[in-house]
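Below is run34.cif, holding mmCIF, C-alpha atoms and all ligand atoms.
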data_query
loop_
_atom_site.label_atom_id
_atom_site.label_comp_id
_atom_site.auth_asym_id
_atom_site.auth_seq_id
_atom_site.Cartn_x
_atom_site.Cartn_y
_atom_site.Cartn_z
CA MET A 1 92.66 86.87 91.86
CA PHE A 2 95.12 86.14 94.69
CA SER A 3 97.89 85.30 92.21
CA GLN A 4 97.27 88.66 90.50
CA ILE A 5 97.42 90.48 93.83
CA THR A 6 100.70 88.68 94.61
CA ALA A 7 102.13 89.50 91.18
CA ALA A 8 101.36 93.20 91.62
CA ALA A 9 102.76 93.18 95.17
CA ASP A 10 105.95 91.33 94.07
CA PHE A 11 106.49 93.91 91.33
CA LEU A 12 106.32 96.72 93.91
CA ILE A 13 108.44 94.85 96.49
CA GLN A 14 111.10 94.40 93.83
CA LYS A 15 111.09 98.16 93.34
CA GLY A 16 111.97 98.46 97.03
CA LEU A 17 108.60 99.59 98.42
CA GLN A 18 108.13 98.95 102.15
CA PRO A 19 105.21 101.15 103.20
CA GLN A 20 103.79 101.25 106.73
CA ILE A 21 100.70 103.29 105.91
CA GLY A 22 98.45 103.35 102.84
CA ILE A 23 96.57 106.50 101.88
CA VAL A 24 93.78 106.89 99.30
CA LEU A 25 93.12 110.40 98.00
CA GLY A 26 89.62 111.02 96.70
CA THR A 27 88.16 113.35 94.10
CA GLY A 28 89.76 116.80 94.09
CA LEU A 29 92.11 115.84 96.93
CA GLY A 30 95.81 115.75 96.14
CA LYS A 31 97.72 118.37 98.14
CA LEU A 32 99.03 115.83 100.64
CA VAL A 33 101.36 114.62 97.91
CA ASN A 34 103.24 117.95 98.11
CA GLU A 35 104.17 117.12 101.72
CA ILE A 36 105.76 113.79 100.84
CA LYS A 37 109.46 113.32 100.26
CA ILE A 38 108.81 111.27 97.13
CA GLU A 39 111.04 108.31 96.35
CA GLN A 40 109.04 106.70 93.58
CA GLU A 41 106.01 107.42 91.42
CA ILE A 42 104.52 104.44 89.67
CA SER A 43 101.74 104.69 87.07
CA TYR A 44 98.95 102.21 87.55
CA SER A 45 99.50 101.19 83.94
CA ASP A 46 103.00 99.91 84.82
CA ILE A 47 101.83 97.58 87.58
CA PRO A 48 100.82 94.05 86.56
CA TYR A 49 97.04 93.47 86.76
CA PHE A 50 96.35 96.92 88.22
CA PRO A 51 93.04 98.40 87.02
CA LEU A 52 93.35 101.67 85.10
CA SER A 53 91.76 104.93 86.22
CA THR A 54 89.14 106.38 83.88
CA VAL A 55 87.94 109.48 85.75
CA GLU A 56 89.52 112.73 84.58
CA SER A 57 89.81 114.18 88.07
CA HIS A 58 91.85 111.15 89.18
CA VAL A 59 95.46 110.95 88.21
CA GLY A 60 96.14 107.24 88.40
CA LYS A 61 99.47 106.63 90.11
CA LEU A 62 101.03 105.32 93.28
CA ILE A 63 103.32 107.64 95.17
CA TYR A 64 105.84 106.19 97.59
CA GLY A 65 107.93 108.16 100.02
CA THR A 66 108.30 109.58 103.51
CA LEU A 67 105.64 111.65 105.23
CA SER A 68 106.08 112.84 108.83
CA GLY A 69 108.83 110.23 109.31
CA LYS A 70 106.80 107.25 108.04
CA LYS A 71 106.95 105.33 104.78
CA VAL A 72 103.65 105.89 103.00
CA LEU A 73 102.11 104.62 99.79
CA VAL A 74 99.52 106.99 98.36
CA MET A 75 96.94 106.16 95.72
CA GLN A 76 96.38 109.26 93.69
CA GLY A 77 93.17 108.22 91.99
CA ARG A 78 90.95 105.40 93.15
CA PHE A 79 88.62 103.05 91.31
CA HIS A 80 84.86 103.40 91.49
CA TYR A 81 82.14 100.85 90.90
CA TYR A 82 80.39 103.28 88.51
CA GLU A 83 83.36 103.19 86.17
CA GLY A 84 82.49 99.59 85.41
CA TYR A 85 84.97 97.83 87.68
CA THR A 86 83.92 94.89 89.79
CA PHE A 87 84.11 95.41 93.55
CA GLN A 88 87.13 93.07 93.59
CA GLN A 89 88.89 95.38 91.12
CA VAL A 90 87.92 98.43 93.18
CA VAL A 91 89.77 97.02 96.22
CA PHE A 92 92.64 95.37 94.33
CA PRO A 93 95.11 98.10 95.37
CA ILE A 94 94.09 97.73 99.03
CA ASN A 95 94.78 93.99 98.81
CA VAL A 96 98.17 94.75 97.25
CA MET A 97 99.01 97.26 99.98
CA LYS A 98 98.23 94.62 102.61
CA LEU A 99 100.76 92.26 100.98
CA LEU A 100 103.30 95.09 100.98
CA GLY A 101 103.00 95.12 104.77
CA ILE A 102 100.87 98.17 105.56
CA GLN A 103 99.00 98.09 108.85
CA TYR A 104 97.03 101.31 108.47
CA ILE A 105 94.88 102.65 105.67
CA LEU A 106 93.71 106.26 105.60
CA LEU A 107 90.92 106.97 103.13
CA SER A 108 89.34 110.19 101.89
CA ASN A 109 86.50 111.17 99.60
CA ALA A 110 84.21 113.96 98.48
CA ALA A 111 80.64 113.53 99.72
CA GLY A 112 77.31 115.30 99.86
CA ALA A 113 76.02 116.44 103.27
CA VAL A 114 72.58 115.07 104.10
CA ASN A 115 72.71 116.07 107.77
CA PRO A 116 71.32 119.64 107.66
CA GLU A 117 73.76 120.72 110.39
CA PHE A 118 76.74 119.79 108.22
CA LYS A 119 77.90 122.46 105.79
CA LYS A 120 79.79 122.57 102.52
CA GLY A 121 83.57 122.61 103.06
CA MET A 122 83.46 120.83 106.43
CA LEU A 123 85.40 117.61 107.04
CA MET A 124 83.49 114.62 108.38
CA VAL A 125 85.27 111.75 110.12
CA LEU A 126 83.47 108.50 109.34
CA ASP A 127 82.14 106.79 112.41
CA ASP A 128 80.21 104.13 110.52
CA HIS A 129 78.67 103.46 107.12
CA ILE A 130 75.67 102.09 105.27
CA ASN A 131 76.39 100.14 102.10
CA LEU A 132 73.79 100.98 99.44
CA GLN A 133 75.99 99.77 96.61
CA PRO A 134 74.80 96.62 94.83
CA GLY A 135 77.48 94.30 96.19
CA ASN A 136 80.80 94.20 97.98
CA PRO A 137 84.30 92.83 97.36
CA LEU A 138 83.89 89.75 99.56
CA ILE A 139 81.21 88.04 97.49
CA GLY A 140 82.47 84.79 96.00
CA PRO A 141 84.82 82.17 97.40
CA ASN A 142 86.60 83.52 100.46
CA GLU A 143 90.33 84.17 100.10
CA GLU A 144 91.51 82.70 103.40
CA ARG A 145 95.02 84.11 102.86
CA LEU A 146 93.50 87.58 103.18
CA GLY A 147 90.89 87.09 105.87
CA THR A 148 88.00 85.19 107.35
CA ARG A 149 84.70 84.29 105.62
CA PHE A 150 82.47 86.37 107.91
CA PRO A 151 84.40 89.46 108.99
CA ASP A 152 83.18 91.46 111.95
CA MET A 153 81.87 94.93 111.08
CA SER A 154 80.98 96.14 114.57
CA CYS A 155 83.70 98.81 114.39
CA PRO A 156 85.28 99.08 110.93
CA TYR A 157 86.68 102.57 111.61
CA SER A 158 89.50 102.45 114.18
CA LYS A 159 88.53 104.16 117.39
CA ALA A 160 92.19 104.90 118.12
CA LEU A 161 92.66 106.61 114.73
CA ASN A 162 89.40 108.54 115.08
CA ASP A 163 90.41 109.74 118.56
CA LEU A 164 93.72 110.93 117.11
CA LEU A 165 91.90 112.71 114.27
CA PHE A 166 89.75 114.64 116.75
CA GLN A 167 92.74 115.53 118.96
CA ILE A 168 94.66 116.80 115.92
CA GLY A 169 91.55 118.50 114.52
CA ALA A 170 91.09 120.42 117.78
CA ARG A 171 94.74 121.50 117.76
CA GLN A 172 94.46 122.65 114.14
CA LYS A 173 91.16 124.40 114.93
CA LEU A 174 89.35 122.39 112.28
CA ASN A 175 85.62 122.21 112.57
CA LEU A 176 85.55 118.41 112.29
CA CYS A 177 82.27 116.54 112.47
CA LYS A 178 81.63 112.85 112.87
CA GLY A 179 79.02 110.87 111.01
CA ILE A 180 77.66 107.99 109.02
CA TYR A 181 78.50 107.69 105.32
CA ALA A 182 76.09 106.06 102.88
CA ALA A 183 77.71 104.61 99.76
CA VAL A 184 75.61 104.70 96.59
CA PRO A 185 76.57 103.25 93.20
CA GLY A 186 76.44 106.52 91.20
CA PRO A 187 77.43 107.97 88.81
CA MET A 188 74.30 110.13 88.87
CA LEU A 189 73.71 112.28 91.92
CA GLU A 190 70.61 111.62 93.98
CA THR A 191 67.03 112.69 93.49
CA ARG A 192 65.29 114.70 96.22
CA ALA A 193 63.42 111.58 97.27
CA GLU A 194 66.67 109.63 97.47
CA TYR A 195 68.36 112.30 99.64
CA ARG A 196 65.31 112.22 101.91
CA TYR A 197 65.53 108.44 102.12
CA ILE A 198 69.28 108.47 102.80
CA ARG A 199 68.80 110.96 105.61
CA ARG A 200 65.89 109.00 107.05
CA ILE A 201 67.82 105.72 107.24
CA GLY A 202 70.43 107.44 109.39
CA ALA A 203 73.21 108.72 107.13
CA ASP A 204 74.94 112.09 107.50
CA ALA A 205 76.73 112.09 104.15
CA VAL A 206 76.50 110.30 100.82
CA GLY A 207 79.11 109.39 98.23
CA MET A 208 80.14 106.86 95.62
CA SER A 209 83.26 105.30 97.10
CA THR A 210 85.17 104.25 100.24
CA VAL A 211 82.86 101.53 101.59
CA PRO A 212 84.30 98.74 99.38
CA GLU A 213 87.80 99.66 100.56
CA VAL A 214 86.69 99.75 104.20
CA ILE A 215 85.12 96.30 103.84
CA ALA A 216 88.35 94.95 102.32
CA ALA A 217 90.36 96.58 105.12
CA ALA A 218 88.12 95.01 107.78
CA HIS A 219 88.46 91.63 106.06
CA MET A 220 92.28 91.89 106.13
CA GLY A 221 92.49 93.24 109.68
CA LEU A 222 93.84 96.67 108.70
CA GLN A 223 93.38 99.66 110.99
CA CYS A 224 91.33 102.10 108.97
CA CYS A 225 89.93 105.61 109.05
CA ALA A 226 88.15 107.76 106.48
CA VAL A 227 87.41 111.47 106.12
CA SER A 228 84.81 113.00 103.81
CA VAL A 229 85.18 116.50 102.46
CA LEU A 230 81.59 117.71 102.29
CA THR A 231 81.14 119.32 98.90
CA ASP A 232 77.43 120.02 98.64
CA GLU A 233 74.42 120.43 100.89
CA CYS A 234 71.73 117.95 100.00
CA ASP A 235 68.58 119.54 101.34
CA PRO A 236 65.73 117.85 99.47
CA ASP A 237 63.40 120.81 100.09
CA ASN A 238 65.81 123.33 98.56
CA LEU A 239 67.88 121.27 96.20
CA ALA A 240 70.04 123.28 93.85
CA ALA A 241 71.28 121.53 90.72
CA VAL A 242 74.79 120.34 91.50
CA ASN A 243 77.45 120.07 88.92
CA ILE A 244 80.57 118.03 89.28
CA ALA A 245 82.86 121.00 88.58
CA ASP A 246 81.40 122.76 91.65
CA ILE A 247 81.90 119.62 93.75
CA ILE A 248 85.53 119.33 92.68
CA ALA A 249 86.10 123.06 93.31
CA VAL A 250 84.78 122.76 96.89
CA ALA A 251 86.90 119.63 97.47
CA GLN A 252 89.97 121.52 96.26
CA GLN A 253 89.22 124.39 98.64
CA SER A 254 89.22 122.00 101.62
CA ASP A 255 92.11 119.93 100.32
CA ALA A 256 94.71 121.82 102.40
CA LEU A 257 92.74 121.09 105.60
CA LEU A 258 92.59 117.38 104.87
CA SER A 259 96.25 117.38 103.91
CA ASN A 260 97.33 118.99 107.22
CA LEU A 261 95.09 116.63 109.18
CA TYR A 262 96.44 113.47 107.53
CA LYS A 263 100.03 114.73 107.64
CA GLU A 264 99.84 115.08 111.40
CA LEU A 265 97.93 111.83 111.81
CA VAL A 266 100.68 109.93 109.99
CA GLY A 267 103.22 111.46 112.38
CA ALA A 268 101.13 110.46 115.39
CA ILE A 269 100.60 106.82 114.37
N1 LIG B 301 75.95 112.42 96.21
C1 LIG B 301 76.77 111.43 95.89
N2 LIG B 301 78.07 111.57 95.78
C2 LIG B 301 78.59 112.77 96.01
C3 LIG B 301 77.79 113.85 96.35
C4 LIG B 301 76.40 113.68 96.44
O1 LIG B 301 75.63 114.60 96.73
N3 LIG B 301 78.61 114.93 96.52
C5 LIG B 301 79.87 114.47 96.29
N4 LIG B 301 79.86 113.17 96.00
#

Please, can you express the file's structure as structure tokens?
Amino acid sequence: MFSQITAAADFLIQKGLQPQIGIVLGTGLGKLVNEIKIEQEISYSDIPYFPLSTVESHVGKLIYGTLSGKKVLVMQGRFHYYEGYTFQQVVFPINVMKLLGIQYILLSNAAGAVNPEFKKGMLMVLDDHINLQPGNPLIGPNEERLGTRFPDMSCPYSKALNDLLFQIGARQKLNLCKGIYAAVPGPMLETRAEYRYIRRIGADAVGMSTVPEVIAAAHMGLQCCAVSVLTDECDPDNLAAVNIADIIAVAQQSDALLSNLYKELVGAI
């Protein structure tokens, strides 16, 4: 796998990419791209060994350019375990970004709110997570060139980045909340009993992504933060049927908020 990561990174280095910050845009979230002075757009299908995106709401390309004075590399479309990828494939682009020299990774996703105080449309800064997915990208022989065998997970979300997010959020008058994200395998949404369980074990939101990337980032010593756009309220006692079109529509409504938040964060890093 390491030789494939290196091959993909070499391909991008040869194209002149020198990003400082990596950004992953989740389901229904893409407006940040409009703020970037784009230098290059590279389809995943053109990059050696890159997995291909299968979800319709994900575009499937890397965007390189300048945002708030910094060189950024944005993944428009991420890979999910439920699509059939291995966890190593899910985090392949994060590994590649590390070899390109990024030091920071900013992640985003759409998630369901299981904390009854958290409402649809709000942004939640991840403070911690619970991995309920059936595996993680570090299983197997450890790749010492990327990181240590037993990475510390006492604080996978950078306190410095989270402090900046709250300072910027206050300035932008965003109603940011902070919480714990539970990652499930998907692709089906949860049953009432599962939402009840997820709440009871201490999560505030639930989604199908992000945690593999955060684990890879911790392994490689990257500074990381993640923001969930809360797209549905998962109250097990009054559970409305959710449909994915509604979830994407809510994500798109909050997309501008996330975009402004991350734009200013990149400037402040
Ligand atoms: N569950 C899992 N993933 C999700 C949800 C949810 O309720 N909403 C958006 N992504």

Just want the 8 Å neighbourhood of Cys225 of chain A, counted on only C-alpha atoms, with same-chain residues fewer than 5 positions away dropped. Output as a PDB file with C-alpha atoms, in the coordinates of the input.
ATOM      1  CA  ILE A 105      94.880 102.650 105.670  1.00  0.00           C
ATOM      2  CA  LEU A 106      93.710 106.260 105.600  1.00  0.00           C
ATOM      3  CA  LEU A 107      90.920 106.970 103.130  1.00  0.00           C
ATOM      4  CA  VAL A 125      85.270 111.750 110.120  1.00  0.00           C
ATOM      5  CA  LEU A 126      83.470 108.500 109.340  1.00  0.00           C
ATOM      6  CA  TYR A 157      86.680 102.570 111.610  1.00  0.00           C
ATOM      7  CA  SER A 158      89.500 102.450 114.180  1.00  0.00           C
ATOM      8  CA  LEU A 161      92.660 106.610 114.730  1.00  0.00           C
ATOM      9  CA  ASN A 162      89.400 108.540 115.080  1.00  0.00           C
TER      10      ASN A 162
END

Worksheet item: Which residues form the shell of 6 Å around ligand LIG 301 (chain B) when you count all atoms listed in the file, given as a ChimeraX atom specification?
Response: /A:110-112,189-190,206-208,231-232

Item to complete: Return the single residue from A:Pro141, A:Gly267, A:Gly65, A:Gly30 that is closest to Gln253 of chain A, with distances computed using all atoms listed in the file.
Response: A:Gly30

Item to complete: Skip segment 220-224 of chain A itself and residues of its chain fewer than 5 positions away, then list as a VMD selection string all residues within 9 Å of it, counting all atoms listed in the file.
Response: chain A and resid 95 98 102 to 107 145 to 148 151 156 to 158 160 to 161 214 to 215

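Between atom CA of Leu32 of chain A and atom CA of Leu258 of chain A lies a distance of 7.9 Å.
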
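Minimum atom-to-atom distance to Ala205 of chain A, evaluated using all atoms listed in the file, belongs to A:Asn115 out of A:Gln88, A:Thr66, A:Asn115, A:Gln172.
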
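We find atom CA of Leu176 of chain A and atom CA of Phe87 of chain A to be spaced 29.7 Å apart.
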
Response to the item:
Closest of A:Leu174, A:Leu12, A:Leu230, A:Leu132 to Ile198 of chain A, counting only C-alpha atoms, is A:Leu132

Output as JSON lines one row per residue of segment 163-256 of chain A within 10 Å of segment 21-27 of chain A: the closest atom pair and its distance in Å to one decimal place, counting only C-alpha atoms, sorted by chain and residue number ascending.
{"residue": "A:Ser209", "atom": "CA", "partner": "A:Gly26", "partner_atom": "CA", "distance": 8.6}
{"residue": "A:Thr210", "atom": "CA", "partner": "A:Gly26", "partner_atom": "CA", "distance": 8.8}
{"residue": "A:Glu213", "atom": "CA", "partner": "A:Val24", "partner_atom": "CA", "distance": 9.5}
{"residue": "A:Leu222", "atom": "CA", "partner": "A:Ile21", "partner_atom": "CA", "distance": 9.9}
{"residue": "A:Gln223", "atom": "CA", "partner": "A:Ile21", "partner_atom": "CA", "distance": 9.6}
{"residue": "A:Cys224", "atom": "CA", "partner": "A:Gly22", "partner_atom": "CA", "distance": 9.5}
{"residue": "A:Cys225", "atom": "CA", "partner": "A:Ile23", "partner_atom": "CA", "distance": 9.8}
{"residue": "A:Ala226", "atom": "CA", "partner": "A:Val24", "partner_atom": "CA", "distance": 9.2}
{"residue": "A:Val227", "atom": "CA", "partner": "A:Gly26", "partner_atom": "CA", "distance": 9.7}
{"residue": "A:Ser228", "atom": "CA", "partner": "A:Gly26", "partner_atom": "CA", "distance": 8.8}
{"residue": "A:Val229", "atom": "CA", "partner": "A:Gly26", "partner_atom": "CA", "distance": 9.1}
{"residue": "A:Ile247", "atom": "CA", "partner": "A:Thr27", "partner_atom": "CA", "distance": 8.9}
{"residue": "A:Ile248", "atom": "CA", "partner": "A:Thr27", "partner_atom": "CA", "distance": 6.7}
{"residue": "A:Ala249", "atom": "CA", "partner": "A:Thr27", "partner_atom": "CA", "distance": 10.0}
{"residue": "A:Ala251", "atom": "CA", "partner": "A:Thr27", "partner_atom": "CA", "distance": 7.2}
{"residue": "A:Gln252", "atom": "CA", "partner": "A:Thr27", "partner_atom": "CA", "distance": 8.6}
{"residue": "A:Asp255", "atom": "CA", "partner": "A:Leu25", "partner_atom": "CA", "distance": 9.9}

Where atoms are missing, can you supply all heavy atoms for segment 232-243 of chain A and output the lot as a PDB file, in the frame of the given file?
ATOM      1  N   ASP A 232      78.720 119.432  98.988  1.00  0.00           N
ATOM      2  CA  ASP A 232      77.430 120.020  98.640  1.00  0.00           C
ATOM      3  C   ASP A 232      76.419 119.707  99.736  1.00  0.00           C
ATOM      4  O   ASP A 232      76.582 118.737 100.470  1.00  0.00           O
ATOM      5  CB  ASP A 232      76.915 119.525  97.270  1.00  0.00           C
ATOM      6  CG  ASP A 232      76.996 118.018  97.106  1.00  0.00           C
ATOM      7  OD1 ASP A 232      78.064 117.441  97.346  1.00  0.00           O
ATOM      8  OD2 ASP A 232      75.971 117.406  96.745  1.00  0.00           O
ATOM      9  N   GLU A 233      75.432 120.594  99.849  1.00  0.00           N
ATOM     10  CA  GLU A 233      74.420 120.430 100.890  1.00  0.00           C
ATOM     11  C   GLU A 233      73.160 119.866 100.250  1.00  0.00           C
ATOM     12  O   GLU A 233      72.571 120.495  99.381  1.00  0.00           O
ATOM     13  CB  GLU A 233      74.166 121.764 101.588  1.00  0.00           C
ATOM     14  CG  GLU A 233      75.385 122.186 102.406  1.00  0.00           C
ATOM     15  CD  GLU A 233      75.390 123.656 102.798  1.00  0.00           C
ATOM     16  OE1 GLU A 233      74.331 124.312 102.747  1.00  0.00           O
ATOM     17  OE2 GLU A 233      76.486 124.139 103.165  1.00  0.00           O
ATOM     18  N   CYS A 234      72.791 118.679 100.688  1.00  0.00           N
ATOM     19  CA  CYS A 234      71.730 117.950 100.000  1.00  0.00           C
ATOM     20  C   CYS A 234      70.426 118.083 100.765  1.00  0.00           C
ATOM     21  O   CYS A 234      69.964 117.148 101.411  1.00  0.00           O
ATOM     22  CB  CYS A 234      72.133 116.480  99.877  1.00  0.00           C
ATOM     23  SG  CYS A 234      73.813 116.274  99.265  1.00  0.00           S
ATOM     24  N   ASP A 235      69.861 119.280 100.671  1.00  0.00           N
ATOM     25  CA  ASP A 235      68.580 119.540 101.340  1.00  0.00           C
ATOM     26  C   ASP A 235      67.471 119.297 100.321  1.00  0.00           C
ATOM     27  O   ASP A 235      67.302 120.076  99.379  1.00  0.00           O
ATOM     28  CB  ASP A 235      68.576 120.996 101.838  1.00  0.00           C
ATOM     29  CG  ASP A 235      67.200 121.395 102.373  1.00  0.00           C
ATOM     30  OD1 ASP A 235      66.292 120.529 102.409  1.00  0.00           O
ATOM     31  OD2 ASP A 235      67.042 122.566 102.746  1.00  0.00           O
ATOM     32  N   PRO A 236      66.716 118.212 100.498  1.00  0.00           N
ATOM     33  CA  PRO A 236      65.730 117.850  99.470  1.00  0.00           C
ATOM     34  C   PRO A 236      64.664 118.917  99.250  1.00  0.00           C
ATOM     35  O   PRO A 236      64.070 118.993  98.169  1.00  0.00           O
ATOM     36  CB  PRO A 236      65.110 116.556 100.008  1.00  0.00           C
ATOM     37  CG  PRO A 236      65.582 116.391 101.406  1.00  0.00           C
ATOM     38  CD  PRO A 236      66.758 117.275 101.630  1.00  0.00           C
ATOM     39  N   ASP A 237      64.435 119.786 100.249  1.00  0.00           N
ATOM     40  CA  ASP A 237      63.400 120.810 100.090  1.00  0.00           C
ATOM     41  C   ASP A 237      63.907 122.057  99.378  1.00  0.00           C
ATOM     42  O   ASP A 237      63.119 122.920  98.995  1.00  0.00           O
ATOM     43  CB  ASP A 237      62.803 121.170 101.452  1.00  0.00           C
ATOM     44  CG  ASP A 237      62.143 119.946 102.087  1.00  0.00           C
ATOM     45  OD1 ASP A 237      61.482 119.181 101.344  1.00  0.00           O
ATOM     46  OD2 ASP A 237      62.330 119.724 103.296  1.00  0.00           O
ATOM     47  N   ASN A 238      65.214 122.172  99.262  1.00  0.00           N
ATOM     48  CA  ASN A 238      65.810 123.330  98.560  1.00  0.00           C
ATOM     49  C   ASN A 238      66.988 122.850  97.729  1.00  0.00           C
ATOM     50  O   ASN A 238      68.110 123.313  97.907  1.00  0.00           O
ATOM     51  CB  ASN A 238      66.355 124.352  99.566  1.00  0.00           C
ATOM     52  CG  ASN A 238      65.259 124.977 100.375  1.00  0.00           C
ATOM     53  OD1 ASN A 238      64.487 125.759  99.849  1.00  0.00           O
ATOM     54  ND2 ASN A 238      65.175 124.609 101.641  1.00  0.00           N
ATOM     55  N   LEU A 239      66.742 121.904  96.881  1.00  0.00           N
ATOM     56  CA  LEU A 239      67.880 121.270  96.200  1.00  0.00           C
ATOM     57  C   LEU A 239      68.281 122.056  94.957  1.00  0.00           C
ATOM     58  O   LEU A 239      67.524 122.171  94.004  1.00  0.00           O
ATOM     59  CB  LEU A 239      67.533 119.825  95.827  1.00  0.00           C
ATOM     60  CG  LEU A 239      68.711 118.978  95.365  1.00  0.00           C
ATOM     61  CD1 LEU A 239      69.783 118.891  96.454  1.00  0.00           C
ATOM     62  CD2 LEU A 239      68.258 117.581  94.965  1.00  0.00           C
ATOM     63  N   ALA A 240      69.495 122.610  95.025  1.00  0.00           N
ATOM     64  CA  ALA A 240      70.040 123.280  93.850  1.00  0.00           C
ATOM     65  C   ALA A 240      70.635 122.208  92.944  1.00  0.00           C
ATOM     66  O   ALA A 240      71.076 121.164  93.425  1.00  0.00           O
ATOM     67  CB  ALA A 240      71.125 124.252  94.289  1.00  0.00           C
ATOM     68  N   ALA A 241      70.628 122.468  91.639  1.00  0.00           N
ATOM     69  CA  ALA A 241      71.280 121.530  90.720  1.00  0.00           C
ATOM     70  C   ALA A 241      72.767 121.542  91.038  1.00  0.00           C
ATOM     71  O   ALA A 241      73.370 122.606  91.149  1.00  0.00           O
ATOM     72  CB  ALA A 241      71.026 121.954  89.282  1.00  0.00           C
ATOM     73  N   VAL A 242      73.352 120.371  91.239  1.00  0.00           N
ATOM     74  CA  VAL A 242      74.790 120.340  91.500  1.00  0.00           C
ATOM     75  C   VAL A 242      75.495 119.986  90.204  1.00  0.00           C
ATOM     76  O   VAL A 242      74.984 119.200  89.414  1.00  0.00           O
ATOM     77  CB  VAL A 242      75.218 119.291  92.563  1.00  0.00           C
ATOM     78  CG1 VAL A 242      75.184 119.869  93.941  1.00  0.00           C
ATOM     79  CG2 VAL A 242      74.430 118.007  92.452  1.00  0.00           C
ATOM     80  N   ASN A 243      76.653 120.575  90.033  1.00  0.00           N
ATOM     81  CA  ASN A 243      77.450 120.070  88.920  1.00  0.00           C
ATOM     82  C   ASN A 243      78.810 119.646  89.440  1.00  0.00           C
ATOM     83  O   ASN A 243      79.302 120.137  90.454  1.00  0.00           O
ATOM     84  CB  ASN A 243      77.441 121.021  87.724  1.00  0.00           C
ATOM     85  CG  ASN A 243      78.493 122.087  87.805  1.00  0.00           C
ATOM     86  OD1 ASN A 243      79.604 121.852  88.238  1.00  0.00           O
ATOM     87  ND2 ASN A 243      78.127 123.277  87.373  1.00  0.00           N
TER      88      ASN A 243
END
